[in-house]
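Engineer: What follows is model35.pdb; its format and atoms are PDB, C-alpha atoms.
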ATOM      1  CA  MET A   1      27.862 -15.658 -40.959
ATOM      2  CA  ASN A   2      26.885 -17.994 -38.223
ATOM      3  CA  ASN A   3      29.345 -16.255 -35.983
ATOM      4  CA  LEU A   4      27.877 -12.928 -36.769
ATOM      5  CA  ARG A   5      24.447 -14.231 -35.940
ATOM      6  CA  ARG A   6      25.725 -15.552 -32.614
ATOM      7  CA  THR A   7      27.196 -12.205 -31.729
ATOM      8  CA  PHE A   8      24.000 -10.500 -32.701
ATOM      9  CA  ILE A   9      21.925 -12.779 -30.499
ATOM     10  CA  LYS A  10      24.361 -12.314 -27.664
ATOM     11  CA  PHE A  11      24.280  -8.601 -28.091
ATOM     12  CA  SER A  12      20.522  -8.346 -28.281
ATOM     13  CA  GLY A  13      20.286 -10.680 -25.301
ATOM     14  CA  SER A  14      22.430  -8.479 -23.138
ATOM     15  CA  ALA A  15      20.694  -5.372 -24.448
ATOM     16  CA  SER A  16      17.306  -6.668 -23.413
ATOM     17  CA  ALA A  17      18.741  -7.713 -20.073
ATOM     18  CA  LEU A  18      19.953  -4.161 -19.658
ATOM     19  CA  ALA A  19      16.542  -2.861 -20.608
ATOM     20  CA  VAL A  20      14.983  -5.063 -17.965
ATOM     21  CA  ILE A  21      17.393  -3.764 -15.342
ATOM     22  CA  ALA A  22      16.698  -0.200 -16.414
ATOM     23  CA  ALA A  23      12.965  -0.801 -16.281
ATOM     24  CA  ALA A  24      13.286  -2.342 -12.831
ATOM     25  CA  GLY A  25      15.301   0.651 -11.695
ATOM     26  CA  LEU A  26      12.704   2.973 -13.143
ATOM     27  CA  LEU A  27       9.927   1.103 -11.410
ATOM     28  CA  LYS A  28      11.757   1.391  -8.152
ATOM     29  CA  THR A  29      12.136   5.145  -8.456
ATOM     30  CA  THR A  30       8.471   5.669  -9.299
ATOM     31  CA  GLN A  31       7.451   3.524  -6.357
ATOM     32  CA  ALA A  32       9.724   5.416  -4.032
ATOM     33  CA  ALA A  33       8.600   8.774  -5.403
ATOM     34  CA  ALA A  34       5.803   8.951  -2.860
ATOM     35  CA  ALA A  35       8.283   8.963  -0.035
ATOM     36  CA  VAL A  36      11.032  11.124  -1.537
ATOM     37  CA  TRP A  37      12.245  13.563   1.083
ATOM     38  CA  ASN A  38      10.347  16.809   0.561
ATOM     39  CA  LYS A  39      13.495  18.936   0.219
ATOM     40  CA  SER A  40      11.786  22.184  -0.744
ATOM     41  CA  GLY A  41       9.277  21.751   2.074
ATOM     42  CA  PHE A  42      11.876  21.044   4.719
ATOM     43  CA  GLU A  43      14.009  23.947   3.521
ATOM     44  CA  SER A  44      11.130  26.425   3.528
ATOM     45  CA  LYS A  45      11.620  29.170   6.073
ATOM     46  CA  ALA A  46       7.986  30.186   6.300
ATOM     47  CA  ALA A  47       5.118  27.979   7.393
ATOM     48  CA  ALA A  48       2.912  29.087   4.482
ATOM     49  CA  GLU A  49       5.635  28.136   2.024
ATOM     50  CA  ALA A  50       6.083  24.712   3.619
ATOM     51  CA  ILE A  51       2.328  24.142   3.488
ATOM     52  CA  LYS A  52       2.385  25.035  -0.189
ATOM     53  CA  THR A  53       5.005  22.361  -0.910
ATOM     54  CA  LEU A  54       2.663  19.837   0.670
ATOM     55  CA  GLY A  55      -0.048  21.055  -1.704
ATOM     56  CA  ALA A  56      -2.142  21.945   1.322
ATOM     57  CA  SER A  57      -2.638  25.702   0.910
ATOM     58  CA  ALA A  58      -6.394  25.208   0.798
ATOM     59  CA  ALA A  59      -6.527  22.945   3.858
ATOM     60  CA  ALA A  60      -9.806  23.246   5.753
ATOM     61  CA  GLU A  61      -9.775  23.471   9.516
ATOM     62  CA  SER A  62     -11.172  20.276  11.033
ATOM     63  CA  ARG A  63     -12.271  19.285  14.518
ATOM     64  CA  ASP A  64     -11.584  15.663  13.709
ATOM     65  CA  ILE A  65      -7.878  16.220  14.188
ATOM     66  CA  ILE A  66      -6.699  16.087  17.766
ATOM     67  CA  ILE A  67      -3.311  17.539  18.612
ATOM     68  CA  THR A  68      -2.016  16.634  22.038
ATOM     69  CA  ALA A  69       0.939  18.744  23.076
ATOM     70  CA  PRO A  70       1.865  20.568  26.264
ATOM     71  CA  ASP A  71       0.342  24.048  26.709
ATOM     72  CA  ILE A  72       3.632  25.129  28.201
ATOM     73  CA  ALA A  73       6.796  23.224  27.385
ATOM     74  CA  GLU A  74       9.696  24.108  29.628
ATOM     75  CA  ASN A  75      12.280  22.564  27.391
ATOM     76  CA  GLY A  76      11.978  23.452  23.719
ATOM     77  CA  ALA A  77      14.448  20.711  22.816
ATOM     78  CA  VAL A  78      11.911  17.995  23.547
ATOM     79  CA  VAL A  79       8.286  18.845  22.853
ATOM     80  CA  PRO A  80       6.098  15.749  22.521
ATOM     81  CA  ILE A  81       3.490  16.118  19.800
ATOM     82  CA  GLU A  82       0.746  13.586  19.305
ATOM     83  CA  VAL A  83      -1.709  13.852  16.435
ATOM     84  CA  VAL A  84      -4.776  11.676  15.987
ATOM     85  CA  SER A  85      -6.941  12.015  12.925
ATOM     86  CA  ARG A  86     -10.523  10.825  12.874
ATOM     87  CA  ILE A  87     -10.896  11.756   9.216
ATOM     88  CA  PRO A  88     -11.601   8.616   7.157
ATOM     89  CA  ASN A  89      -8.831   7.460   4.817
ATOM     90  CA  THR A  90      -6.138   9.599   6.391
ATOM     91  CA  GLN A  91      -2.994   9.030   4.330
ATOM     92  CA  SER A  92      -0.496  11.326   5.940
ATOM     93  CA  ILE A  93       0.120  13.684   8.836
ATOM     94  CA  SER A  94       2.566  16.588   8.687
ATOM     95  CA  ILE A  95       3.679  18.585  11.704
ATOM     96  CA  ILE A  96       4.627  22.239  11.375
ATOM     97  CA  ALA A  97       6.045  24.441  14.142
ATOM     98  CA  GLU A  98       5.257  27.830  12.646
ATOM     99  CA  LYS A  99       8.020  29.919  14.174
ATOM    100  CA  ASN A 100      10.846  27.424  13.812
ATOM    101  CA  PRO A 101      13.657  28.481  11.451
ATOM    102  CA  PHE A 102      12.471  25.629   9.220
ATOM    103  CA  PRO A 103       8.826  25.122  10.170
ATOM    104  CA  LEU A 104       8.115  21.721   8.627
ATOM    105  CA  ALA A 105       9.228  19.151  11.211
ATOM    106  CA  ALA A 106       7.989  15.853   9.838
ATOM    107  CA  THR A 107       5.633  14.187   7.400
ATOM    108  CA  MET A 108       4.371  10.693   8.108
ATOM    109  CA  ASP A 109       2.623   8.468   5.585
ATOM    110  CA  PHE A 110       0.418   5.570   6.625
ATOM    111  CA  ALA A 111      -0.559   2.412   4.791
ATOM    112  CA  ASN A 112      -1.530  -1.242   5.254
ATOM    113  CA  GLY A 113      -3.497  -0.919   8.477
ATOM    114  CA  ALA A 114      -1.487   1.759  10.266
ATOM    115  CA  GLU A 115      -3.780   3.947  12.344
ATOM    116  CA  PRO A 116      -3.800   7.680  11.519
ATOM    117  CA  TYR A 117      -1.761   8.373  14.606
ATOM    118  CA  ALA A 118       1.532  10.191  14.933
ATOM    119  CA  TYR A 119       3.713  10.685  17.957
ATOM    120  CA  VAL A 120       7.066  12.360  17.719
ATOM    121  CA  ARG A 121       9.148  14.689  19.860
ATOM    122  CA  ILE A 122      10.306  17.883  18.187
ATOM    123  CA  LYS A 123      12.458  20.913  18.920
ATOM    124  CA  MET A 124      10.871  24.325  19.086
ATOM    125  CA  GLY A 125      12.824  27.569  19.102
ATOM    126  CA  GLN A 126      10.107  29.696  20.674
ATOM    127  CA  THR A 127       6.431  29.876  21.573
ATOM    128  CA  SER A 128       4.505  29.121  18.438
ATOM    129  CA  ASN A 129       1.488  27.539  16.871
ATOM    130  CA  VAL A 130       1.909  23.907  15.982
ATOM    131  CA  ARG A 131      -0.059  22.925  12.949
ATOM    132  CA  ALA A 132      -1.055  19.428  11.891
ATOM    133  CA  ILE A 133      -1.800  18.987   8.205
ATOM    134  CA  ILE A 134      -3.715  15.876   7.265
ATOM    135  CA  LYS A 135      -4.077  14.402   3.826
ATOM    136  CA  ALA A 136      -7.144  12.204   3.419
ATOM    137  CA  ASP A 137      -8.497  10.974   0.106
ATOM    138  CA  GLY A 138      -6.338  13.579  -1.619
ATOM    139  CA  LYS A 139      -7.917  16.438   0.372
ATOM    140  CA  PHE A 140      -6.197  18.444   3.060
ATOM    141  CA  PHE A 141      -7.330  19.330   6.561
ATOM    142  CA  MET A 142      -5.581  21.035   9.442
ATOM    143  CA  ALA A 143      -5.670  21.841  13.119
ATOM    144  CA  VAL A 144      -3.670  24.259  15.250
ATOM    145  CA  LYS A 145      -2.467  24.271  18.826
ATOM    146  CA  GLU A 146      -0.313  26.846  20.555
ATOM    147  CA  VAL A 147       2.659  25.618  22.552
ATOM    148  CA  LYS A 148       4.418  28.066  24.875
ATOM    149  CA  ILE A 149       8.130  27.498  25.205
ATOM    150  CA  THR A 150      10.105  28.546  28.283
ATOM    151  CA  VAL A 151      13.585  27.684  27.004
ATOM    152  CA  GLY A 152      14.094  27.378  23.248
ATOM    153  CA  GLY A 153      15.577  24.200  21.874
ATOM    154  CA  CYS A 154      17.239  25.236  18.670
ATOM    155  CA  GLY A 155      20.759  25.937  19.850
TER     156      GLY A 155
ATOM    157  CA  MET B   1      27.497   1.801  12.796
ATOM    158  CA  ALA B   2      24.868   3.435  14.863
ATOM    159  CA  GLU B   3      23.557   2.003  18.077
ATOM    160  CA  PRO B   4      20.577  -0.342  17.926
ATOM    161  CA  MET B   5      17.074   1.044  18.268
ATOM    162  CA  LYS B   6      14.863   0.039  21.130
ATOM    163  CA  ILE B   7      11.573  -1.224  19.763
ATOM    164  CA  ARG B   8       8.577  -2.210  21.841
ATOM    165  CA  ALA B   9       5.466  -3.568  20.152
ATOM    166  CA  LEU B  10       2.576  -4.305  22.482
ATOM    167  CA  LEU B  11      -0.740  -5.677  21.325
ATOM    168  CA  LYS B  12      -3.777  -3.905  22.733
ATOM    169  CA  GLY B  13      -6.959  -5.427  21.358
ATOM    170  CA  ASP B  14      -6.102  -5.859  17.685
ATOM    171  CA  VAL B  15      -3.868  -2.791  17.576
ATOM    172  CA  ALA B  16      -0.117  -3.069  17.947
ATOM    173  CA  ASP B  17       1.288  -0.053  19.745
ATOM    174  CA  ILE B  18       4.825   0.272  18.450
ATOM    175  CA  ARG B  19       7.218   2.597  20.260
ATOM    176  CA  VAL B  20      10.714   3.172  19.001
ATOM    177  CA  LEU B  21      13.676   4.874  20.634
ATOM    178  CA  VAL B  22      16.476   5.755  18.240
ATOM    179  CA  ALA B  23      19.955   6.789  19.277
ATOM    180  CA  HIS B  24      20.861   9.702  17.018
ATOM    181  CA  PRO B  25      22.290  13.208  17.603
ATOM    182  CA  MET B  26      19.807  14.913  15.212
ATOM    183  CA  GLU B  27      22.071  17.946  14.757
ATOM    184  CA  THR B  28      20.212  21.035  13.505
ATOM    185  CA  GLY B  29      23.226  22.824  12.074
ATOM    186  CA  GLN B  30      22.527  25.718  14.439
ATOM    187  CA  ARG B  31      24.292  24.468  17.515
ATOM    188  CA  ARG B  32      27.849  25.540  18.294
ATOM    189  CA  ASP B  33      30.432  23.325  19.930
ATOM    190  CA  ALA B  34      32.699  24.347  22.815
ATOM    191  CA  ALA B  35      35.078  26.072  20.397
ATOM    192  CA  GLY B  36      32.256  28.141  18.933
ATOM    193  CA  ALA B  37      32.181  26.364  15.584
ATOM    194  CA  LEU B  38      28.842  25.385  14.098
ATOM    195  CA  VAL B  39      28.130  21.676  14.348
ATOM    196  CA  PRO B  40      27.065  20.584  10.860
ATOM    197  CA  MET B  41      23.570  19.260  10.228
ATOM    198  CA  HIS B  42      23.202  15.545  10.710
ATOM    199  CA  PHE B  43      19.772  14.042  11.119
ATOM    200  CA  ILE B  44      17.539  11.130  10.192
ATOM    201  CA  GLN B  45      15.685  11.894   6.999
ATOM    202  CA  SER B  46      13.640   8.814   6.498
ATOM    203  CA  MET B  47      12.116   6.258   8.786
ATOM    204  CA  THR B  48      10.241   3.186   7.642
ATOM    205  CA  VAL B  49       8.261   0.671   9.654
ATOM    206  CA  THR B  50       7.025  -2.593   8.195
ATOM    207  CA  HIS B  51       4.557  -5.056   9.668
ATOM    208  CA  ASN B  52       5.005  -8.620   8.361
ATOM    209  CA  GLY B  53       6.786  -7.144   5.357
ATOM    210  CA  ASN B  54       4.159  -4.524   4.512
ATOM    211  CA  THR B  55       5.161  -0.900   4.871
ATOM    212  CA  VAL B  56       2.874   0.722   7.422
ATOM    213  CA  TYR B  57       4.725   3.955   8.197
ATOM    214  CA  GLU B  58       6.991   6.158   6.134
ATOM    215  CA  GLY B  59       8.310   9.166   7.968
ATOM    216  CA  GLN B  60      10.129  12.064   6.373
ATOM    217  CA  TRP B  61      11.843  13.921   9.143
ATOM    218  CA  SER B  62      13.721  17.170   9.490
ATOM    219  CA  GLN B  63      16.332  18.430  11.915
ATOM    220  CA  ALA B  64      13.451  19.635  14.116
ATOM    221  CA  VAL B  65      12.895  16.121  15.437
ATOM    222  CA  SER B  66      14.459  15.909  18.912
ATOM    223  CA  ARG B  67      17.784  14.306  19.731
ATOM    224  CA  ASN B  68      17.465  10.544  20.320
ATOM    225  CA  PRO B  69      14.060  10.450  18.642
ATOM    226  CA  VAL B  70      11.132   8.646  20.144
ATOM    227  CA  PHE B  71       8.157   7.938  17.942
ATOM    228  CA  ALA B  72       5.114   5.722  17.903
ATOM    229  CA  VAL B  73       3.084   3.916  15.281
ATOM    230  CA  ARG B  74      -0.173   2.021  15.747
ATOM    231  CA  VAL B  75      -1.058  -0.858  13.468
ATOM    232  CA  LYS B  76      -4.527  -2.342  13.330
ATOM    233  CA  GLY B  77      -5.119  -6.019  12.662
ATOM    234  CA  ALA B  78      -1.886  -7.147  14.293
ATOM    235  CA  LYS B  79      -1.330 -10.422  16.133
ATOM    236  CA  VAL B  80       1.137 -11.638  18.734
ATOM    237  CA  GLY B  81       4.293 -12.823  16.982
ATOM    238  CA  ASP B  82       3.958 -10.463  14.015
ATOM    239  CA  LYS B  83       7.258  -9.141  12.772
ATOM    240  CA  ILE B  84       8.012  -5.421  12.972
ATOM    241  CA  VAL B  85      11.036  -4.052  11.120
ATOM    242  CA  VAL B  86      12.170  -0.466  11.551
ATOM    243  CA  ASN B  87      14.833   1.226   9.492
ATOM    244  CA  TRP B  88      16.229   4.694   9.148
ATOM    245  CA  THR B  89      18.545   6.607   6.837
ATOM    246  CA  ASP B  90      20.236   9.849   7.822
ATOM    247  CA  THR B  91      21.800  12.766   5.969
ATOM    248  CA  LYS B  92      25.220  11.058   5.955
ATOM    249  CA  ASN B  93      23.550   8.021   4.398
ATOM    250  CA  ASP B  94      24.101   5.995   7.560
ATOM    251  CA  LYS B  95      21.456   3.338   7.938
ATOM    252  CA  ARG B  96      20.224   1.072  10.642
ATOM    253  CA  THR B  97      17.641  -1.713  10.621
ATOM    254  CA  ASP B  98      16.240  -3.411  13.691
ATOM    255  CA  GLU B  99      13.363  -5.754  14.248
ATOM    256  CA  ALA B 100      11.019  -6.856  16.979
ATOM    257  CA  THR B 101       8.001  -9.083  17.396
ATOM    258  CA  VAL B 102       4.590  -8.058  18.641
ATOM    259  CA  THR B 103       3.975  -9.236  22.195
ATOM    260  CA  ALA B 104       0.808  -9.346  24.277
ATOM    261  CA  GLY B 105       0.232  -6.019  26.009
TER     262      GLY B 105
END
Translate the structure of the given file into structure tokens.
Structural biologist:
Amino acid sequence: MNNLRRTFIKFSGSASALAVIAAAGLLKTTQAAAAVWNKSGFESKAAAEAIKTLGASAAAESRDIIITAPDIAENGAVVPIEVVSRIPNTQSISIIAEKNPFPLAATMDFANGAEPYAYVRIKMGQTSNVRAIIKADGKFFMAVKEVKITVGGCG
Amino acid sequence: MAEPMKIRALLKGDVADIRVLVAHPMETGQRRDAAGALVPMHFIQSMTVTHNGNTVYEGQWSQAVSRNPVFAVRVKGAKVGDKIVVNWTDTKNDKRTDEATVTAG
């Protein structure tokens, strides 16, 4: 009987250990959920669709977002895009090149003192509007800038 | 293993201006090689930057980010000697982590 009790304790001990591991794993996934790669967004072939996956269909145009990009980019393979948001509590910046085969280029989340500033170089297939979508306090804002491309950079 | 990143973190006022150069082909899946075969997609999907252990930047990237990506992050409230760690994961699940310290700008 004592033996049985031992086994039971052992068993329950390992079971609870398992539960702890499972819970830890679960915690990890929920924490990481915020930064899970937005597959549907990145695979969207239309800008409007990509914006929808961000939840930003109702984004209001804002003058507090400054997009700095060349008016004419000779090489579509390397188009520097800089986005500065002056909207308080900016949480993330997404960059969309509307006429790219897959318009959503990048989404950047900020935390712990990072300034709402994004700089990245992207490829653009052709002349197109570049849209910056900003999430601030759970609301969405956007700004647009046209970039003319001399030689496309998709191939 | 991928080549190391080049990280520069300069302090300007109380803002660390972090610039990172990553060596990565960032294949779109639309390019053809010399034989005319499509080069499969291969790009960095996620990019994380931490400042003294706190995550400050989480980038989700697509194949539209240029080859050998260059990107910048600005962190307020930084000091000389603060530790910056950058890491990326690509579509083949390759990873790379590099670190740098904030220096006076």
Engineer: List the spatial neighbours of Val85 (chain B) as an MDAnalysis selection string - criterion: any atom at most 6 Å away, all atoms listed in the file, same-chain residues fewer than 5 positions off excluded.
Structural biologist: chainID B and resid 49:50 98:99
Engineer: Could you give me, as a Markdown table, a per-residue list for chain A showing, wherever an atom lies at most 9 Å from an atom of chain B, the closest pair of atoms and their distance in Å to one decimal, using all atoms listed in the file and sorting by chain then residue number from low to high?
Structural biologist:
| residue | atom | partner | partner_atom | distance |
| --- | --- | --- | --- | --- |
| A:Ala35 | CA | B:Glu58 | CA | 6.9 |
| A:Val36 | CA | B:Gln60 | CA | 8.0 |
| A:Trp37 | CA | B:Gln60 | CA | 5.9 |
| A:Asn38 | CA | B:Gln60 | CA | 7.5 |
| A:Phe42 | CA | B:Ser62 | CA | 6.4 |
| A:Ala77 | CA | B:Ser66 | CA | 6.2 |
| A:Val78 | CA | B:Ser66 | CA | 5.7 |
| A:Val79 | CA | B:Ser66 | CA | 7.9 |
| A:Ala97 | CA | B:Ala64 | CA | 8.8 |
| A:Asn100 | CA | B:Ala64 | CA | 8.2 |
| A:Phe102 | CA | B:Ala64 | CA | 7.8 |
| A:Pro103 | CA | B:Ala64 | CA | 8.2 |
| A:Leu104 | CA | B:Ser62 | CA | 7.3 |
| A:Ala105 | CA | B:Ala64 | CA | 5.1 |
| A:Ala106 | CA | B:Trp61 | CA | 4.4 |
| A:Thr107 | CA | B:Gln60 | CA | 5.1 |
| A:Met108 | CA | B:Gly59 | CA | 4.2 |
| A:Asp109 | CA | B:Glu58 | CA | 5.0 |
| A:Phe110 | CA | B:Tyr57 | CA | 4.9 |
| A:Ala111 | CA | B:Val56 | CA | 4.6 |
| A:Asn112 | CA | B:Val56 | CA | 5.3 |
| A:Gly113 | CA | B:Lys76 | CA | 5.2 |
| A:Ala114 | CA | B:Val75 | CA | 4.2 |
| A:Glu115 | CA | B:Arg74 | CA | 5.3 |
| A:Pro116 | CA | B:Arg74 | CA | 7.9 |
| A:Tyr117 | CA | B:Val73 | CA | 6.6 |
| A:Ala118 | CA | B:Ala72 | CA | 6.5 |
| A:Tyr119 | CA | B:Ala72 | CA | 5.2 |
| A:Val120 | CA | B:Phe71 | CA | 4.6 |
| A:Arg121 | CA | B:Ser66 | CA | 5.5 |
| A:Ile122 | CA | B:Val65 | CA | 4.2 |
| A:Lys123 | CA | B:Ala64 | CA | 5.1 |
| A:Met124 | CA | B:Ala64 | CA | 7.3 |
| A:Gly153 | CA | B:Ser66 | CA | 8.9 |
| A:Cys154 | CA | B:Gln30 | CA | 6.8 |
| A:Gly155 | CA | B:Arg31 | CA | 4.5 |
Engineer: Which one is closest to Glu43 (chain A): A:Ala58, A:Glu74, A:Pro101, A:Gly138? Count only C-alpha atoms.
Structural biologist: A:Pro101
Engineer: For Asp71 (chain A), find every residue with an atom within 12 Å (counting all atoms listed in the file), except residues of its own chain fewer than 3 positions away, and show them as a short mmCIF file (atom, residue, chain, number, x, y, z; two decimals) with C-alpha atoms, in the frame of the given file.
Structural biologist:
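After the write, around.cif holds the following:
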data_model
loop_
_atom_site.label_atom_id
_atom_site.label_comp_id
_atom_site.auth_asym_id
_atom_site.auth_seq_id
_atom_site.Cartn_x
_atom_site.Cartn_y
_atom_site.Cartn_z
CA ILE A 67 -3.31 17.54 18.61
CA THR A 68 -2.02 16.63 22.04
CA GLU A 74 9.70 24.11 29.63
CA VAL A 79 8.29 18.84 22.85
CA PRO A 80 6.10 15.75 22.52
CA ILE A 81 3.49 16.12 19.80
CA THR A 127 6.43 29.88 21.57
CA SER A 128 4.50 29.12 18.44
CA ASN A 129 1.49 27.54 16.87
CA VAL A 130 1.91 23.91 15.98
CA LYS A 145 -2.47 24.27 18.83
CA GLU A 146 -0.31 26.85 20.56
CA VAL A 147 2.66 25.62 22.55
CA LYS A 148 4.42 28.07 24.88
CA ILE A 149 8.13 27.50 25.20
CA THR A 150 10.10 28.55 28.28
#
Engineer: Expand the PyMOL selection byres ((chain B and resi 42) around 9) into the explicit residue set it covers here, and present it as a count of residues only.
Structural biologist: 15
Engineer: Where's the centre, and what are the edge lengths in Å to one decimal, of a box along x, y and z enclosing all listed atoms of region 146-150 of chain A padded 4 Å per side, as lines of an AutoDock Vina configuration file?
Structural biologist:
center_x = 4.9
center_y = 27.1
center_z = 24.4
size_x = 18.4
size_y = 10.9
size_z = 15.7
Engineer: Pick the closest to Ile66 (chain A) from A:Lys52, A:Arg131, A:Lys45, A:Lys139: which is it, counting all atoms listed in the file?
Structural biologist: A:Arg131
Engineer: Could you write out as number ranges by chain the residues that the PyMOL selection byres ((chain A and resi 54) around 12) matches in the shown file?
Structural biologist: A: 34, 37-42, 44, 47-53, 55-59, 92-96, 104, 106-108, 132-135, 138-141
Engineer: Counting all atoms listed in the file, figure out which residue out of A:Val84, A:Ala136, A:Ile72, A:Ala46 gets nearest to Val151 (chain A).
Structural biologist: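 Smallest distance to Val151 (chain A) is found for A:Ile72.
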Engineer: What residues have an atom no more than 10 Å from (21.9, 1.1, 15.7) in the file's own frame, counting all atoms listed in the file, and can you write them as a list in words?
Structural biologist: Met1, Ala2, Glu3, Pro4, Met5, Lys6, Val22, Ala23, His24, Asn87, Trp88, Asp94, Lys95, Arg96, Thr97 and Asp98 of chain B
Engineer: Write the residues of the selection above to a file with C-alpha atoms, as a PDB file, keeping the file's coordinate frame.
Structural biologist:
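Output below, filename selection.pdb:
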ATOM      1  CA  MET B   1      27.497   1.801  12.796  1.00  0.00           C
ATOM      2  CA  ALA B   2      24.868   3.435  14.863  1.00  0.00           C
ATOM      3  CA  GLU B   3      23.557   2.003  18.077  1.00  0.00           C
ATOM      4  CA  PRO B   4      20.577  -0.342  17.926  1.00  0.00           C
ATOM      5  CA  MET B   5      17.074   1.044  18.268  1.00  0.00           C
ATOM      6  CA  LYS B   6      14.863   0.039  21.130  1.00  0.00           C
ATOM      7  CA  VAL B  22      16.476   5.755  18.240  1.00  0.00           C
ATOM      8  CA  ALA B  23      19.955   6.789  19.277  1.00  0.00           C
ATOM      9  CA  HIS B  24      20.861   9.702  17.018  1.00  0.00           C
ATOM     10  CA  ASN B  87      14.833   1.226   9.492  1.00  0.00           C
ATOM     11  CA  TRP B  88      16.229   4.694   9.148  1.00  0.00           C
ATOM     12  CA  ASP B  94      24.101   5.995   7.560  1.00  0.00           C
ATOM     13  CA  LYS B  95      21.456   3.338   7.938  1.00  0.00           C
ATOM     14  CA  ARG B  96      20.224   1.072  10.642  1.00  0.00           C
ATOM     15  CA  THR B  97      17.641  -1.713  10.621  1.00  0.00           C
ATOM     16  CA  ASP B  98      16.240  -3.411  13.691  1.00  0.00           C
TER      17      ASP B  98
END
Engineer: Output region 137-142 of chain A as a CSV table (one decimal), keeping the file's coordinate frame, making sure all heavy atoms are there.
Structural biologist:
chain,number,residue,atom,x,y,z
A,137,ASP,N,-7.8,11.1,1.4
A,137,ASP,CA,-8.5,11.0,0.1
A,137,ASP,C,-8.1,12.1,-0.8
A,137,ASP,O,-8.9,12.6,-1.6
A,137,ASP,CB,-10.0,11.0,0.3
A,137,ASP,CG,-10.6,9.6,0.4
A,137,ASP,OD1,-9.9,8.7,0.0
A,137,ASP,OD2,-11.7,9.5,0.8
A,138,GLY,N,-6.8,12.5,-0.7
A,138,GLY,CA,-6.3,13.6,-1.6
A,138,GLY,C,-6.7,15.0,-1.2
A,138,GLY,O,-6.3,16.0,-1.8
A,139,LYS,N,-7.5,15.1,-0.1
A,139,LYS,CA,-7.9,16.4,0.4
A,139,LYS,C,-7.1,16.8,1.6
A,139,LYS,O,-6.6,15.9,2.3
A,139,LYS,CB,-9.4,16.5,0.7
A,139,LYS,CG,-10.3,16.4,-0.5
A,139,LYS,CD,-11.7,16.8,0.0
A,139,LYS,CE,-12.7,16.5,-1.1
A,139,LYS,NZ,-13.6,15.4,-0.7
A,140,PHE,N,-7.0,18.0,1.9
A,140,PHE,CA,-6.2,18.4,3.1
A,140,PHE,C,-7.0,19.1,4.2
A,140,PHE,O,-8.0,19.8,3.9
A,140,PHE,CB,-5.1,19.4,2.6
A,140,PHE,CG,-4.1,18.8,1.8
A,140,PHE,CD1,-4.1,18.7,0.4
A,140,PHE,CD2,-3.0,18.1,2.4
A,140,PHE,CE1,-3.2,18.1,-0.4
A,140,PHE,CE2,-2.0,17.5,1.7
A,140,PHE,CZ,-2.1,17.5,0.3
A,141,PHE,N,-6.7,18.8,5.4
A,141,PHE,CA,-7.3,19.3,6.6
A,141,PHE,C,-6.3,19.7,7.5
A,141,PHE,O,-5.1,19.2,7.5
A,141,PHE,CB,-8.2,18.3,7.2
A,141,PHE,CG,-9.3,17.8,6.3
A,141,PHE,CD1,-9.0,16.6,5.5
A,141,PHE,CD2,-10.5,18.4,6.1
A,141,PHE,CE1,-10.0,16.1,4.6
A,141,PHE,CE2,-11.5,17.9,5.2
A,141,PHE,CZ,-11.2,16.8,4.5
A,142,MET,N,-6.6,20.6,8.5
A,142,MET,CA,-5.6,21.0,9.4
A,142,MET,C,-6.2,21.4,10.8
A,142,MET,O,-7.4,21.6,10.9
A,142,MET,CB,-4.8,22.2,8.9
A,142,MET,CG,-5.7,23.4,8.7
A,142,MET,SD,-4.7,24.9,8.5
A,142,MET,CE,-6.0,26.1,8.6
